[in-house]
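J.: File follows, coords_26.cif with mmCIF, C-alpha atoms and all ligand atoms:
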```cif
data_my_file
loop_
_atom_site.label_atom_id
_atom_site.label_comp_id
_atom_site.auth_asym_id
_atom_site.auth_seq_id
_atom_site.Cartn_x
_atom_site.Cartn_y
_atom_site.Cartn_z
CA MET J 60 -0.51 -15.46 -5.86
CA ALA J 61 -1.30 -13.98 -9.29
CA PRO J 62 -3.99 -16.38 -10.59
CA LYS J 63 -6.03 -16.13 -7.38
CA TYR J 64 -5.31 -12.43 -7.02
CA ASN J 65 -8.91 -11.20 -6.86
CA ASP J 66 -9.79 -13.56 -3.99
CA GLU J 67 -6.69 -13.10 -1.90
CA ILE J 68 -5.48 -9.53 -2.23
CA PHE J 69 -7.25 -6.64 -0.58
CA ASP J 70 -8.72 -4.25 -3.18
CA VAL J 71 -7.89 -0.71 -2.03
CA LEU J 72 -9.63 0.95 -4.99
CA GLN J 73 -12.95 -0.82 -4.20
CA ASN J 74 -12.67 -0.36 -0.46
CA ASP J 75 -11.75 3.33 -0.37
CA ARG J 76 -15.34 4.52 -0.25
CA SER J 77 -14.23 8.07 0.55
CA GLY J 78 -12.54 8.25 -2.86
CA LYS J 79 -9.60 10.11 -1.25
CA ILE J 80 -6.97 8.22 -3.25
CA VAL J 81 -8.72 8.85 -6.57
CA LYS J 82 -9.08 12.54 -5.61
CA ALA J 83 -5.36 12.79 -4.79
CA ILE J 84 -4.48 11.21 -8.16
CA GLU J 85 -6.86 13.53 -10.01
CA GLN J 86 -5.39 16.55 -8.25
CA TYR J 87 -1.99 15.93 -9.90
CA ALA J 88 -3.17 14.34 -13.15
CA SER J 89 -2.71 15.98 -16.55
CA ARG J 90 -2.64 14.83 -20.17
CA ARG J 91 0.83 16.41 -20.32
CA LYS J 92 2.23 14.30 -17.45
CA SER J 93 3.58 10.78 -17.07
CA VAL J 94 2.70 8.46 -14.19
CA ILE J 95 4.16 5.25 -12.80
CA ASP J 96 2.13 2.67 -10.87
CA ILE J 97 4.73 1.02 -8.60
CA GLY J 98 3.66 -2.51 -7.64
CA CYS J 99 0.74 -2.36 -10.08
CA ALA J 100 -0.08 -6.09 -9.67
CA ILE J 101 -2.98 -6.97 -11.99
CA GLY J 102 -3.50 -3.29 -12.79
CA LYS J 103 -6.61 -2.16 -10.91
CA TRP J 104 -5.53 1.49 -11.14
CA ILE J 105 -4.50 1.37 -14.82
CA PRO J 106 -7.80 2.44 -16.47
CA LEU J 107 -8.00 5.52 -14.25
CA LEU J 108 -4.34 6.42 -14.83
CA SER J 109 -4.52 5.77 -18.57
CA SER J 110 -7.49 8.12 -18.94
CA GLN J 111 -5.92 10.96 -16.95
CA PHE J 112 -2.22 10.96 -17.96
CA ARG J 113 -0.23 11.16 -21.20
CA ASN J 114 1.48 7.84 -20.53
CA VAL J 115 1.55 5.21 -17.82
CA ILE J 116 4.34 2.91 -16.68
CA ALA J 117 2.91 -0.13 -14.92
CA ALA J 118 5.74 -1.67 -12.90
CA ASP J 119 5.81 -4.83 -10.84
CA ILE J 120 8.29 -7.51 -9.78
CA SER J 121 5.84 -10.25 -10.78
CA ALA J 122 5.90 -11.22 -14.47
CA ILE J 123 2.63 -13.14 -14.05
CA ASN J 124 0.83 -10.14 -12.56
CA LEU J 125 2.11 -7.96 -15.40
CA LYS J 126 0.94 -10.47 -18.00
CA ILE J 127 -2.56 -10.56 -16.47
CA ALA J 128 -2.66 -6.73 -16.39
CA LYS J 129 -1.49 -6.44 -19.99
CA GLU J 130 -4.10 -8.93 -21.23
CA LYS J 131 -6.86 -7.08 -19.36
CA TYR J 132 -6.36 -3.78 -21.13
CA PRO J 133 -5.42 -4.35 -24.80
CA ASP J 134 -7.11 -1.07 -25.79
CA LEU J 135 -5.11 1.15 -23.47
CA THR J 136 -2.27 2.05 -25.80
CA ASN J 137 -0.55 4.61 -23.56
CA VAL J 138 0.47 1.96 -20.98
CA GLU J 139 3.90 0.34 -20.87
CA TYR J 140 4.39 -2.73 -18.67
CA ILE J 141 7.79 -3.19 -17.11
CA ARG J 142 9.20 -5.78 -14.77
CA ALA J 143 11.20 -4.07 -12.04
CA ASP J 144 12.38 -5.03 -8.57
CA MET J 145 12.10 -1.91 -6.43
CA SER J 146 14.19 -3.62 -3.75
CA ALA J 147 17.11 -4.34 -6.07
CA ASP J 148 20.47 -2.74 -5.28
CA ASN J 149 20.63 -1.13 -8.72
CA LEU J 150 17.43 0.00 -10.34
CA SER J 151 17.25 1.73 -13.66
CA ILE J 152 13.86 3.22 -14.43
CA GLU J 153 12.39 6.06 -16.50
CA PRO J 154 11.42 8.83 -14.04
CA CYS J 155 7.83 10.13 -14.20
CA ASP J 156 5.97 13.24 -13.02
CA VAL J 157 3.67 11.33 -10.67
CA ALA J 158 4.00 7.97 -8.92
CA ILE J 159 1.45 5.89 -7.10
CA CYS J 160 2.52 3.04 -4.84
CA ILE J 161 -0.44 1.35 -3.24
CA ASN J 162 0.08 -1.38 -0.65
CA ALA J 163 3.27 -2.58 -2.30
CA ILE J 164 5.95 -1.92 0.38
CA LEU J 165 4.82 -4.74 2.62
CA THR J 166 7.92 -6.92 2.86
CA ASP J 167 9.12 -8.06 6.29
CA SER J 168 12.72 -7.62 5.12
CA LEU J 169 14.24 -4.38 6.41
CA LYS J 170 16.95 -4.43 3.73
CA LYS J 171 14.33 -4.74 0.96
CA ARG J 172 12.26 -1.93 2.45
CA ILE J 173 15.29 0.36 2.70
CA ASN J 174 16.04 -0.24 -0.99
CA PHE J 175 12.38 0.15 -1.95
CA PHE J 176 12.14 3.55 -0.24
CA GLN J 177 15.37 4.67 -1.95
CA SER J 178 14.00 3.51 -5.34
CA LEU J 179 10.90 5.71 -4.94
CA GLN J 180 13.21 8.70 -5.56
CA LEU J 181 14.47 7.23 -8.85
CA CYS J 182 10.93 6.86 -10.19
CA LEU J 183 10.22 10.59 -10.08
CA ASN J 184 11.34 13.79 -11.75
CA LYS J 185 12.25 16.71 -9.49
CA LYS J 186 9.06 18.19 -7.95
CA GLY J 187 7.32 14.91 -8.89
CA LYS J 188 4.45 13.83 -6.65
CA LEU J 189 4.20 10.48 -4.86
CA ILE J 190 0.94 9.02 -3.57
CA LEU J 191 1.83 6.22 -1.19
CA VAL J 192 -0.63 3.92 0.60
CA VAL J 193 0.54 1.50 3.30
CA PRO J 194 -1.00 -0.47 6.18
CA SER J 195 -1.27 1.43 9.45
CA LEU J 196 0.34 -0.04 12.55
CA GLU J 197 -1.87 2.13 14.76
CA SER J 198 -4.95 0.69 13.06
CA LYS J 199 -3.71 -2.89 13.39
CA LEU J 200 -3.04 -2.46 17.12
CA TYR J 201 -6.43 -0.77 17.60
CA ALA J 202 -8.16 -3.73 15.87
CA ASN J 203 -6.16 -6.20 18.00
CA ILE J 204 -7.20 -4.42 21.20
CA ILE J 205 -10.86 -4.51 20.18
CA ALA J 206 -10.66 -8.18 19.15
CA ASN J 207 -9.10 -9.09 22.48
CA ARG J 208 -11.42 -6.97 24.66
CA TRP J 209 -14.66 -8.29 23.08
CA ASN J 210 -13.41 -11.69 21.97
CA ILE J 211 -14.20 -10.97 18.33
CA ASP J 212 -13.83 -13.95 15.97
CA GLY J 213 -12.86 -16.08 19.02
CA ASP J 214 -9.71 -14.04 19.61
CA ASN J 215 -9.40 -15.23 23.24
CA LYS J 216 -9.10 -18.84 22.10
CA GLU J 217 -6.22 -18.14 19.75
CA ARG J 218 -3.05 -20.06 20.61
CA ILE J 219 0.44 -19.49 19.22
CA PRO J 220 1.33 -22.88 17.70
CA SER J 221 5.00 -23.07 18.68
CA SER J 222 7.74 -21.26 20.57
CA ALA J 223 9.50 -20.59 17.26
CA LYS J 224 6.38 -18.77 16.01
CA ALA J 225 6.12 -16.84 19.33
CA PHE J 226 9.75 -15.79 18.95
CA SER J 227 9.28 -14.58 15.38
CA LEU J 228 6.07 -12.69 16.27
CA ALA J 229 7.86 -10.88 19.10
CA LYS J 230 10.90 -10.11 16.94
CA ASN J 231 8.74 -8.85 14.07
CA ILE J 232 6.48 -6.55 16.07
CA LYS J 233 9.53 -4.54 17.17
CA GLN J 234 9.84 -3.35 13.58
CA GLY J 235 6.11 -3.01 12.91
CA VAL J 236 5.82 -6.34 11.11
CA THR J 237 2.65 -8.21 12.02
CA ASP J 238 0.74 -11.01 10.31
CA ILE J 239 -2.06 -10.55 7.79
CA ASP J 240 -3.56 -13.97 7.06
CA ASN J 241 -0.41 -15.54 8.55
CA VAL J 242 1.91 -13.57 6.26
CA PRO J 243 4.35 -11.26 8.11
CA THR J 244 3.49 -7.81 6.70
CA LYS J 245 5.07 -4.44 7.40
CA HIS J 246 2.72 -1.89 8.99
CA TYR J 247 3.72 1.76 9.44
CA LEU J 248 3.32 4.49 12.04
CA ARG J 249 2.39 7.95 10.80
CA GLU J 250 5.56 9.50 12.30
CA GLU J 251 7.70 6.71 10.85
CA LEU J 252 6.40 7.48 7.35
CA GLU J 253 7.08 11.19 7.84
CA LEU J 254 10.66 10.43 8.88
CA LEU J 255 11.41 7.81 6.20
CA LEU J 256 10.08 9.95 3.34
CA THR J 257 11.81 13.12 4.56
CA LEU J 258 15.14 11.28 4.79
CA GLU J 259 14.65 10.07 1.19
CA GLY J 260 14.29 13.65 -0.09
CA PHE J 261 10.51 14.06 -0.09
CA LYS J 262 8.45 16.88 1.38
CA VAL J 263 5.36 15.41 2.99
CA LYS J 264 2.31 17.43 1.91
CA GLU J 265 -0.48 15.43 3.53
CA ILE J 266 -1.05 12.25 5.50
CA GLU J 267 -4.61 10.95 5.54
CA LYS J 268 -6.48 7.95 6.86
CA ILE J 269 -8.13 5.77 4.23
CA ASN J 270 -10.94 4.25 6.26
CA TYR J 271 -12.44 0.82 5.67
CA THR J 272 -15.34 -1.12 7.21
CA TRP J 273 -14.80 -3.53 10.12
CA LYS J 274 -15.47 -6.37 7.68
CA THR J 275 -11.91 -5.84 6.45
CA GLU J 276 -10.58 -6.78 9.92
CA PHE J 277 -13.11 -9.20 11.35
CA THR J 278 -15.23 -12.04 9.96
CA ASN J 279 -18.05 -11.21 12.39
CA PRO J 280 -17.79 -7.62 13.61
CA PRO J 281 -20.38 -6.90 16.34
CA LYS J 282 -23.31 -4.75 15.17
CA TRP J 283 -22.62 -2.10 17.84
CA LEU J 284 -19.06 -1.59 16.59
CA LYS J 285 -19.01 1.68 14.62
CA GLY J 286 -16.27 4.30 14.16
CA PRO J 287 -13.44 5.06 14.47
CA PHE J 288 -13.02 2.55 11.65
CA PRO J 289 -9.79 0.77 10.64
CA TRP J 290 -7.54 2.48 8.12
CA ASP J 291 -4.47 2.53 5.87
CA TRP J 292 -2.22 5.57 5.66
CA MET J 293 -2.13 7.62 2.47
CA VAL J 294 0.84 9.98 2.14
CA VAL J 295 1.07 12.60 -0.58
CA CYS J 296 4.58 13.99 -0.98
CA GLU J 297 6.83 15.87 -3.39
CA LYS J 298 10.36 15.02 -4.45
CA VAL J 299 12.42 18.02 -3.36
CA ARG J 300 15.97 16.79 -4.03
C1 LIG J 401 -0.87 -6.05 -2.55
S1 LIG J 401 -0.32 -5.87 -4.19
C2 LIG J 401 -0.85 -4.21 -4.53
C3 LIG J 401 -1.47 -4.07 -5.83
C4 LIG J 401 -1.94 -2.76 -6.39
N1 LIG J 401 -1.05 -1.66 -6.10
C5 LIG J 401 -3.36 -2.46 -5.97
O1 LIG J 401 -3.59 -1.49 -5.28
O2 LIG J 401 -4.27 -3.21 -6.37
C6 LIG J 401 1.44 -5.66 -4.04
C7 LIG J 401 2.17 -5.72 -5.37
O3 LIG J 401 3.48 -5.20 -5.15
C8 LIG J 401 4.39 -5.98 -5.91
N2 LIG J 401 5.74 -5.87 -5.34
C9 LIG J 401 6.14 -6.33 -4.13
N3 LIG J 401 7.45 -6.11 -3.96
C10 LIG J 401 7.89 -5.49 -5.09
C11 LIG J 401 9.16 -5.01 -5.52
N4 LIG J 401 10.24 -5.17 -4.77
N5 LIG J 401 9.26 -4.42 -6.74
C12 LIG J 401 8.15 -4.28 -7.53
N6 LIG J 401 6.92 -4.73 -7.16
C13 LIG J 401 6.78 -5.32 -5.96
C14 LIG J 401 3.83 -7.39 -5.82
O4 LIG J 401 4.31 -8.23 -6.85
C15 LIG J 401 2.32 -7.13 -5.91
O5 LIG J 401 1.88 -7.22 -7.23
#
```
Is it possible to give me this structure as structure tokens?

T.:
Amino acid sequence: MAPKYNDEIFDVLQNDRSGKIVKAIEQYASRRKSVIDIGCAIGKWIPLLSSQFRNVIAADISAINLKIAKEKYPDLTNVEYIRADMSADNLSIEPCDVAICINAILTDSLKKRINFFQSLQLCLNKKGKLILVVPSLESKLYANIIANRWNIDGDNKERIPSSAKAFSLAKNIKQGVTDIDNVPTKHYLREELELLLTLEGFKVKEIEKINYTWKTEFTNPPKWLKGPFPWDWMVVCEKVR
């Protein structure tokens, strides 16, 4: 996906008009601290992080994404690019004071998600802060209900192409996995995030909605459709053990 990244991947930084994520990063930023961008992709957050922290680790599983990021910012000398698989069984990584992980834990594989959540711990020093953004399952269901009720984007005409697809959709939704552009993508409940992060040794400090416009859900949202708007979850938490 790397070469077509800008067209195909949702840009959280651009779409968070409230600026809540930037504010959360700035709250914990310091020229004395290190930060890791977990799942940095082509590095949209790197200029901000580079200007606010002593040093930045930009980590991603994709070598192509890392190469694109590195070529974009030759002047940012406090950034180190590392290839790391956060879902690997054994991860060795330099812990930082702050970590951001923005729409990176999306895999439909439960095993990979379990490992990814465990790896978050390894990326941080004790009392380190994590800013995590993930798709909201509540928001996805809310958008589905609206699409169905008012036949938005021809929702009522949609047909599941095969019984195999119907089976996988039903199996996936039981664990909060639902398609974005036909790609099975993990979505999270607020309470689920609280539980998962607490079990991994984090103290949850705040959980906030990052609201977007309806254009992020529908091609033709009706003019009358206003708030509540769709959202991702942002969790700010501290590593306590
Ligand atoms: C949707 S992009 C998010 C990009 C970026 N955080 C942003 O906000 O623009 C997800 C990124 O997570 C990376 N990723 C997915 N699984 C990963 C893993 N197991 N370890 C490291 N990176 C991973 C992907 O390669 C991709 O670049």

J.: May I have the residues within 10 Å of stretch 113-121 of chain J as a PyMOL selection string, using all atoms listed in the file and disregarding those fewer than 3 positions away in the same chain?

T.: chain J and resi 60-61+88-102+104-106+108-110+124-126+128-129+135-146+152-155+157-160+163

J.: Figure out the distance between atom CA of J:Leu169 and atom C9 of ligand LIG 401 (chain J), please, to one decimal in Å.

T.: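 Those two atoms sit 13.4 Å apart.
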
J.: Need the shell around stretch 211-223 of chain J: protein/DNA/RNA residues with any atom at most 12 Å away, counting only C-alpha atoms. Skip same-chain ones fewer than 4 positions apart. Format as a ChimeraX atom specification?

T.: /J:202-207,227-230,241,273-274,276-282,284

J.: How big is the axis-aligned box, and where does its centre sit, when it encloses all atoms of ligand LIG 401 (chain J) listed in the file and has 6 Å added on every side, reported in Å to one decimal as JSON?

T.:
```
{"center_x": 3.0, "center_y": -4.9, "center_z": -5.0, "size_x": 26.5, "size_y": 18.7, "size_z": 17.0}
```

J.: Write out as number ranges by chain the residues lying within 7 Å of stretch 69-85 of chain J, counting all atoms listed in the file and excluding same-chain residues fewer than 2 positions away.

T.: J: 67, 87-88, 269-271

J.: Can you work out which one of J:Phe112, J:Arg208, J:Tyr201, J:Val242 has the shortest atom-to-atom distance to ligand LIG 401 (chain J), counting all atoms listed in the file?

T.: J:Val242

J.: Quick check, in Å to one decimal: how far apart do atom CA of J:Ile173 and atom C3 of ligand LIG 401 (chain J) lie?

T.: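 About the pair atom CA of J:Ile173 and atom C3 of ligand LIG 401 (chain J): they are 19.3 Å apart.
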
J.: Rounded to one decimal in Å, what is the spacing between atom CA of J:Pro289 and atom CA of J:Lys171?

T.: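 Going from atom CA of J:Pro289 over to atom CA of J:Lys171, I get 26.6 Å.
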
J.: Counting all atoms listed in the file, which residue out of J:Gly260, J:Gly187, J:Gly286, J:Pro194 sits closest to ligand LIG 401 (chain J)?

T.: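 Among the listed residues, the smallest separation from ligand LIG 401 (chain J) belongs to J:Pro194.
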
J.: Please determine, counting only C-alpha atoms, which residue among J:Ile164, J:Leu107, J:Leu191, J:Leu179 has the shortest atom-to-atom distance to J:Leu258.

T.: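 The shortest atom-to-atom distance to J:Leu258 comes from J:Leu179.
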
J.: Closest to ligand LIG 401 (chain J) among J:Lys298, J:Lys131, J:Lys268, J:Lys103, using only C-alpha atoms and all ligand atoms?

T.: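 Distance minimum relative to ligand LIG 401 (chain J) lands on J:Lys103.
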
J.: Let me make sure I understand: among J:Cys182, J:Val263, J:Val192, J:Leu252, which one has the smallest atom-to-atom distance to ligand LIG 401 (chain J) if we use only C-alpha atoms and all ligand atoms?

T.: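 Distance minimum relative to ligand LIG 401 (chain J) lands on J:Val192.
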
J.: Closest to ligand LIG 401 (chain J) among J:Leu248, J:Cys296, J:Leu196, J:Ile123, using only C-alpha atoms and all ligand atoms?

T.: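 Counting only C-alpha atoms and all ligand atoms, the residue closest to ligand LIG 401 (chain J) is J:Ile123.
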